[in-house]
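Beneath this line is the structure, given in structure tokens, with notes to follow.
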Amino acid sequence: RRVHGITLPDGSIVEDGVRFRNSFHLHPLFTADVFVPCGGRPEAVNMSNVDIFSKVSVSGVHQNRFKLIVEGANLFISQDARLKLEGDGVVLFKDACANKGGVTSSSCEVLVALAMNDDEFSTKMSANGKNIPEFYDQYAQQVLHKIESNARR
């Protein structure tokens, strides 16, 4: 479902919700001390838009919009743009470091879904209310242990 005609706090109107979603990280209203992109398109920030993404004008002076970026999304910032941001004084935690847990848990989730038939998955991996299957609980603990082990490397 496409959204049209939404008015933002600055009075500008969003004519196309999909385009706005895909480019909000470039919008002048978007500023923060810490930015944690946890989804988006690969290389959403690249050399063609890094200056728009990273700078905001305050009283005629260009400043960094973000002090710290923790890439929770894989490949959100291209390598060249990452180097430019770091050169401008932005502290970045790269996706490979910040998102190890997400990649590990997602991979394990896909693996178990492929290894079990539908009935096994429903019985062993699906919680029913507050009842968590023992297999799921043990599996989740093993995944968590793997994530913690990877984070120490």
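Ordering of the structure tokens sets the chain letters (A, B, ...), residue numbers begin anew at 1 in every chain, and ligands are numbered from 1 in the order given.
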
Polymer residues at most 12 Å from segment 134-150 of chain A, only C-alpha atoms, same-chain spacing of 5 or more positions, as a ChimeraX atom specification: /A:96-109,111-112,120-128

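Backbone DSSP over segment 64-115 of chain A yields strand (DSSP E) at Asn64, Leu68, Ile69, Val70, Val91, Leu92 and Phe93 of chain A.
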
Could you write those residues out with N, CA and C atoms, as a PDB file, in the first residue's frame?
ATOM      1  N   ASN A  64      28.575  17.709  11.186  1.00  0.00           N
ATOM      2  CA  ASN A  64      28.167  16.317  11.050  1.00  0.00           C
ATOM      3  C   ASN A  64      26.785  16.131  11.669  1.00  0.00           C
ATOM      4  N   LEU A  68      28.058   9.305  15.935  1.00  0.00           N
ATOM      5  CA  LEU A  68      28.340   7.876  16.000  1.00  0.00           C
ATOM      6  C   LEU A  68      27.344   7.133  15.114  1.00  0.00           C
ATOM      7  N   ILE A  69      27.860   6.208  14.310  1.00  0.00           N
ATOM      8  CA  ILE A  69      26.999   5.346  13.492  1.00  0.00           C
ATOM      9  C   ILE A  69      27.353   3.909  13.803  1.00  0.00           C
ATOM     10  N   VAL A  70      26.351   3.131  14.179  1.00  0.00           N
ATOM     11  CA  VAL A  70      26.514   1.703  14.434  1.00  0.00           C
ATOM     12  C   VAL A  70      25.716   0.985  13.354  1.00  0.00           C
ATOM     13  N   VAL A  91      32.399   8.580  14.192  1.00  0.00           N
ATOM     14  CA  VAL A  91      32.848   7.280  14.692  1.00  0.00           C
ATOM     15  C   VAL A  91      31.890   6.227  14.156  1.00  0.00           C
ATOM     16  N   LEU A  92      32.453   5.211  13.489  1.00  0.00           N
ATOM     17  CA  LEU A  92      31.630   4.157  12.892  1.00  0.00           C
ATOM     18  C   LEU A  92      31.978   2.799  13.473  1.00  0.00           C
ATOM     19  N   PHE A  93      30.928   2.042  13.799  1.00  0.00           N
ATOM     20  CA  PHE A  93      31.087   0.631  14.115  1.00  0.00           C
ATOM     21  C   PHE A  93      30.578  -0.110  12.891  1.00  0.00           C
TER      22      PHE A  93
END

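Atom CA of Pro42 of chain A is found 7.1 Å from atom CA of Ile77 of chain A.
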
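Among the candidates A:Asp95, A:Val110, A:Asp10, A:Ser78, the one nearest to Met47 of chain A when counting only C-alpha atoms is A:Ser78.
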
Interatomic distance, atom CA of Phe35 of chain A to atom CA of Ser54 of chain A (Å, one decimal): 10.8 Å

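In the backbone-derived DSSP annotation, helix (DSSP H, G or I) within segment 112-149 of chain A comprises Val112, Ala113, Leu114, Ala115, Asp118, Asp119, Glu120, Phe121, Ser122, Thr123, Lys124, Met125, Glu134, Phe135, Tyr136, Asp137, Gln138, Tyr139, Ala140, Gln141, Gln142, Val143, Leu144, His145, Lys146, Ile147, Glu148 and Ser149 of chain A.
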
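Distance annotation: of A:Pro28, A:Gly39, A:Gly72, A:Gly87, the residue with the minimal separation from Ser57 of chain A is A:Pro28; atom set is only C-alpha atoms.
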
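For the choices A:Gly5, A:Asn74, A:Ser23, A:Lys67, the atom-to-atom distance to Glu86 of chain A is smallest for A:Lys67 when using only C-alpha atoms.
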
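Restricting the calculation to only C-alpha atoms, the smallest distance between Val45 of chain A and any of A:Leu85, A:Leu8, A:Val18, A:Ile13 is found for A:Leu85.
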
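Of the listed residues (A:Val36, A:Leu114, A:Leu26, A:Ala44), A:Ala44 comes nearest to Ala81 of chain A; the distances count only C-alpha atoms.
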
How many Å lie between atom CA of Arg152 of chain A and atom CA of Glu71 of chain A, rounded to one decimal? 18.2 Å
